[in-house]
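Worksheet for the structure shown next.
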Amino acid sequence: MEKRTVDVAIIGAGTAGMGAYRAAKAHTDSLVLIEGGHYGTTCARVGCMPSKLLIAAAERAHDMAGAAQFGIHPGGIRIDGEAVMQRVRSERDRFVGFVLETVDDMPAEHKLIGDARFVDAHRLIVNDDVEITAGRIVVATGSRPSIPDMLKEAKDRLVVNDDIFEWHDLPASVVVFGPGIIGLELGQALSRLGVRVRMFGRGGSLGPIREQKMRDYALKTFRREFELHPEGDVKAVERTGEGVAVTFVDDDRGEITETFDYLLAATGRRPNVDQLDIQNTDIELDNRGTPRFNRYTLQCGDSSIFIAGDCNHDAPLLHEAADEGRIAGDNAGRFPDVRAGLRRTPLAVVFTDPQMATVGLTLDEVDERCKGGYGVGEVSFEGQGRSRVIGKNRGLLRVYGERGSGQFLGAEMFGPAAEHIAHLLAWSVQRRMTVSEMLDMPFYHPVIEEGVRTALRNLNRNLSIGPEVIKHCMDCGPGA
């Protein structure tokens, strides 16, 4: 067996692993990056980038179908499924190519392909033929889809998001399980591209939305486009000669069975730590077998093992994985001089239409922090000027602030331009701005962001700081 000794070993070459490699390399050139699958990162291959390509096609189709409200009547709309998926795959491969170029630039001795497992806290076996002794180890193995046993009865017609982007054409029908971020984004996109979609959930959740008022509004909106059961009562899933038969209880028709071409399981992801033999180390594990760690240093206890990215199940988002990889790699490189890194304000965006966004603290977290001493501001985009002009006047924004200090703490949004508005709000939270300071910032007219001002004015009033909100305030322009 080949034996190697390095200062730092990194398991996983995704977003977190690549970030850890770059950070650790600033301290030492004695390191190895171990990858058990394909180079290219989850985001580029099967995550954020290919899903947005599919969504972009769906948005074009939807805009054409809705052009009549502007007095524009396009001819018959034809969706070429093969062309849609060809562009998705082609552009996806381009994004993956950028990652592969980065990997190619790494020294050959820094790269090792194979599955790693722990022998102890400092030794790894890779593919049963290489033993690596490392002073410090970064675990950045990502996550994989988690599929309930019932859904596995779909057999060869069971797909996850990874599989969809390999399709060469669009199917006629898809049943989606899981109205989380992945399920909602892909389900709505497929529906807008002419695929018959029915979606089931459990527990009533919709994406990252926590507030019931927002959830009810979003549910009503999505149901205008496709069948959605956030608390679905599914009795059976069966692979038949025609596809996948799903038996469920309908509120109006009782127990019925419908058949679909495919079943998309968007039922969450699980950390890739269960095949690492991590129990052979001396670090503490939680009841799921995931290492306990400090989220500011990414260190597991006081050991020389660090964990970053989706595999720690803390904040499975690309920008968080990049930050965690950088922090973990820097600390692994400088060990034992472990330092706390910057964890940014929580920010999540869902690219449905309307978009969803969560920023800063949730309402429950606000209540816990402020002991009830907080206020909520709200705006509806149904009458908001710019939103009505462009025909995107659906949605709500709710913003939270602390009584006394007037500090802005967070927001939840289901509405137009949420991907942009969420950034402005996240920056405000991170800068610890007060609601009054935010209202002192410039707002142009007419823009969707004027709705943010309306919500903030409402919040300032509810915090007993600002004046009554003037209905149809003309200093904002009509419809602001």
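In the structure tokens, each chain is lettered A, B, ... as it comes, each chain's residues begin at 1, and ligands are numbered from 1 in order of appearance.
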Please, which residues of region 39-227 of chain A, numbered as in this document, come out strand (DSSP E) from DSSP, as a PyMOL selection string?
chain A and resi 111-113+116-120+123-126+130-139+143-145+158-159+173-177+196-200+227
Close residues, Thr247 (chain A) itself excluded, 12 Å, only C-alpha atoms, min 5 positions apart in chain, as a PyMOL selection string:
chain A and resi 150-151+175+200+232-239+254-260
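If you look at CA of Gly410 (chain A) and CA of Ser436 (chain A), they are 14.6 Å away from each other.
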If you take only C-alpha atoms and a cut-off of 12 Å, which residues of region 192-273 of chain A touch region 379-388 of chain A, and what are their nearest atom pairs and distances in Å to one decimal, in chain and number order, as a tab-separated table?
residue	atom	partner	partner_atom	distance
A:Lys213	CA	A:Ser380	CA	11.9
A:Met214	CA	A:Ser380	CA	10.7
A:Tyr217	CA	A:Ser380	CA	10.7
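Take the candidates A:Asp216, A:Phe335, A:Phe248, A:Glu402 and check each one against Lys371 (chain A) using only C-alpha atoms; the shortest distance goes to A:Glu402.
CA of Ser304 (chain A) lies 12.4 Å from CA of Thr133 (chain A).
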Any idea what's packed within 8 Å of Ala218 (chain A), counting only C-alpha atoms, ignoring anything in its chain fewer than 2 positions away? Could you give it as a PyMOL selection string?
chain A and resi 206+214-216+220-222+395+414
Prev. selection, N, CA and C atoms, output as an mmCIF file, in the first residue's frame:
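So the final result, stored in out-v5.cif, reads:
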data_model
loop_
_atom_site.group_PDB
_atom_site.id
_atom_site.type_symbol
_atom_site.label_atom_id
_atom_site.label_comp_id
_atom_site.auth_asym_id
_atom_site.auth_seq_id
_atom_site.Cartn_x
_atom_site.Cartn_y
_atom_site.Cartn_z
ATOM 1 N N LEU A 206 -43.739 25.139 2.836
ATOM 2 C CA LEU A 206 -43.497 25.587 1.465
ATOM 3 C C LEU A 206 -42.168 26.322 1.426
ATOM 4 N N MET A 214 -47.818 34.256 5.025
ATOM 5 C CA MET A 214 -47.053 34.199 3.782
ATOM 6 C C MET A 214 -47.231 32.849 3.096
ATOM 7 N N ARG A 215 -47.261 31.793 3.896
ATOM 8 C CA ARG A 215 -47.418 30.447 3.354
ATOM 9 C C ARG A 215 -48.770 30.287 2.663
ATOM 10 N N ASP A 216 -49.825 30.793 3.286
ATOM 11 C CA ASP A 216 -51.162 30.708 2.684
ATOM 12 C C ASP A 216 -51.221 31.475 1.371
ATOM 13 N N LYS A 220 -51.840 29.659 -2.390
ATOM 14 C CA LYS A 220 -52.912 30.093 -3.292
ATOM 15 C C LYS A 220 -52.335 30.486 -4.647
ATOM 16 N N THR A 221 -51.188 31.138 -4.649
ATOM 17 C CA THR A 221 -50.560 31.580 -5.893
ATOM 18 C C THR A 221 -50.076 30.400 -6.729
ATOM 19 N N PHE A 222 -49.384 29.456 -6.104
ATOM 20 C CA PHE A 222 -48.872 28.305 -6.844
ATOM 21 C C PHE A 222 -50.000 27.439 -7.400
ATOM 22 N N GLY A 395 -47.712 39.210 -4.235
ATOM 23 C CA GLY A 395 -46.763 38.916 -3.179
ATOM 24 C C GLY A 395 -46.844 39.832 -1.977
ATOM 25 N N PHE A 414 -42.299 37.002 -0.325
ATOM 26 C CA PHE A 414 -42.788 36.216 -1.452
ATOM 27 C C PHE A 414 -43.304 37.247 -2.445
#
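Ranking A:Gly76, A:Gly241, A:Pro208, A:Gly97 by their shortest atom-to-atom distance to Glu412 (chain A), with only C-alpha atoms included, puts A:Pro208 first.
Residues in contact range of Val96 (chain A), defined as at most 12 Å between only C-alpha atoms, with sequence neighbours fewer than 3 positions away removed, read Gly14, Thr15, His38, Tyr39, Gly40, Thr41, Thr42, Cys43, Ala44, Arg45, Val46, Gly47, Cys48, Met49, Pro50, Arg89, Ser90, Glu91, Arg92, Asp93, Val99, Leu100, Glu101, Thr102 and Val103 of chain A.
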Could you name the residues that touch Glu153 (chain A) at 12 Å or less, counting only C-alpha atoms, but leaving out those on the same chain fewer than 6 positions away, as a ChimeraX atom specification?
/A:147,159,236-240,243-246,262-263,265
Test item: residues at most 9 Å from Glu450 (chain A), only C-alpha atoms, excluding those fewer than 3 positions along its chain, as JSON, numbers by chain:
{"A": [384, 385, 386, 443, 444, 445, 446, 447, 453, 454, 455, 476, 480]}
Taking N, CA, C and O atoms for each residue, export the selection above as a CSV table (one decimal), in the first residue's frame.
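Everything below was put into result.csv:
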chain,number,residue,atom,x,y,z
A,384,GLN,N,-48.7,47.8,-5.7
A,384,GLN,CA,-47.5,48.5,-5.8
A,384,GLN,C,-47.2,49.0,-7.2
A,384,GLN,O,-47.3,48.2,-8.2
A,385,GLY,N,-46.8,50.3,-7.4
A,385,GLY,CA,-46.8,50.9,-8.7
A,385,GLY,C,-46.0,50.1,-9.8
A,385,GLY,O,-46.5,49.7,-10.8
A,386,ARG,N,-44.7,50.0,-9.6
A,386,ARG,CA,-43.8,49.4,-10.6
A,386,ARG,C,-44.2,47.9,-10.8
A,386,ARG,O,-44.2,47.4,-11.9
A,443,PHE,N,-34.6,56.3,-2.5
A,443,PHE,CA,-35.5,55.4,-3.2
A,443,PHE,C,-35.9,56.1,-4.5
A,443,PHE,O,-36.5,57.1,-4.5
A,444,TYR,N,-35.6,55.5,-5.6
A,444,TYR,CA,-36.0,56.0,-6.9
A,444,TYR,C,-37.4,55.7,-7.2
A,444,TYR,O,-38.1,54.9,-6.5
A,445,HIS,N,-38.0,56.4,-8.2
A,445,HIS,CA,-39.4,56.2,-8.6
A,445,HIS,C,-39.5,56.1,-10.1
A,445,HIS,O,-38.8,56.9,-10.8
A,446,PRO,N,-40.2,55.1,-10.7
A,446,PRO,CA,-40.9,54.0,-10.0
A,446,PRO,C,-40.1,52.8,-10.0
A,446,PRO,O,-39.6,52.3,-11.1
A,447,VAL,N,-39.9,52.2,-8.9
A,447,VAL,CA,-39.1,50.9,-8.7
A,447,VAL,C,-39.8,50.0,-7.7
A,447,VAL,O,-40.6,50.5,-6.9
A,453,ARG,N,-39.7,50.5,1.1
A,453,ARG,CA,-39.9,51.7,1.9
A,453,ARG,C,-41.3,51.7,2.6
A,453,ARG,O,-41.4,52.0,3.8
A,454,THR,N,-42.3,51.3,1.9
A,454,THR,CA,-43.7,51.2,2.5
A,454,THR,C,-43.7,50.3,3.7
A,454,THR,O,-44.2,50.6,4.7
A,455,ALA,N,-43.1,49.1,3.5
A,455,ALA,CA,-43.0,48.1,4.6
A,455,ALA,C,-42.2,48.7,5.8
A,455,ALA,O,-42.6,48.5,6.9
A,476,CYS,N,-44.0,59.9,-2.7
A,476,CYS,CA,-43.4,58.7,-3.2
A,476,CYS,C,-43.7,58.5,-4.7
A,476,CYS,O,-43.2,57.6,-5.3
A,480,ALA,N,-46.8,54.1,-5.3
A,480,ALA,CA,-45.6,53.6,-4.7
A,480,ALA,C,-45.9,52.6,-3.6
A,480,ALA,O,-45.1,51.8,-3.3
Could you pull out the alpha helix (DSSP H) residues of region 276-430 of chain A from DSSP and send them as a PyMOL selection string?
chain A and resi 318-334+363-370+385-389+418-430
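The residue that comes closest to Glu82 (chain A), out of A:His168, A:Arg157, A:His122, A:His27 and on the basis of only C-alpha atoms, is A:His168.
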What gap, in Å, lies between CA of Gly360 (chain A) and CA of Leu409 (chain A)?
6.0 Å
With distances taken over only C-alpha atoms, the candidate from A:Tyr400, A:Leu317, A:Ile113, A:Leu361 nearest Tyr374 (chain A) is A:Tyr400
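Shortest separation to His319 (chain A) among A:Glu35, A:Gly19, A:Asn127, A:Ser146 occurs at residue A:Gly19, atoms counted being only C-alpha atoms.
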Best match for closeness to Ala24 (chain A) among A:Ala332, A:Ala116, A:Val174, A:Leu190, counting only C-alpha atoms:
A:Ala332
Using only C-alpha atoms, what table do you get, as a tab-separated table, when you list each residue of region 104-161 of chain A with an atom no more than 12 Å from region 270-278 of chain A, its nearest pair of atoms, and their distance in Å rounded to one decimal, rows by chain then rising number?
residue	atom	partner	partner_atom	distance
A:Asp115	CA	A:Leu276	CA	8.4
A:Ala116	CA	A:Leu276	CA	6.5
A:Arg117	CA	A:Leu276	CA	4.2
A:Phe118	CA	A:Asp277	CA	5.3
A:Val119	CA	A:Asp277	CA	7.4
A:Asp120	CA	A:Ile278	CA	8.0
A:Ala121	CA	A:Ile278	CA	8.4
A:His122	CA	A:Ile278	CA	11.1
A:Arg123	CA	A:Ile278	CA	10.9
A:Leu124	CA	A:Leu276	CA	9.2
A:Ile125	CA	A:Leu276	CA	9.7
A:Val126	CA	A:Leu276	CA	10.3
A:Asn127	CA	A:Leu276	CA	11.8
A:Ile137	CA	A:Ile278	CA	11.6
A:Val139	CA	A:Val273	CA	8.5
A:Ala140	CA	A:Asn272	CA	8.7
A:Thr141	CA	A:Asn272	CA	5.6
A:Gly142	CA	A:Asn272	CA	5.7
A:Ser143	CA	A:Pro271	CA	4.3
A:Arg144	CA	A:Arg270	CA	5.5
A:Pro145	CA	A:Arg270	CA	6.2
A:Ser146	CA	A:Arg270	CA	5.7
A:Ile147	CA	A:Arg270	CA	9.4
A:Pro148	CA	A:Arg270	CA	11.7
So that I can see what lies close to Ala321 (chain A), please list as a ChimeraX atom specification the residues with an atom at most 8 Å from it, counting only C-alpha atoms and leaving out residues fewer than 5 positions away in the same chain.
/A:15-16,308-310,315-316
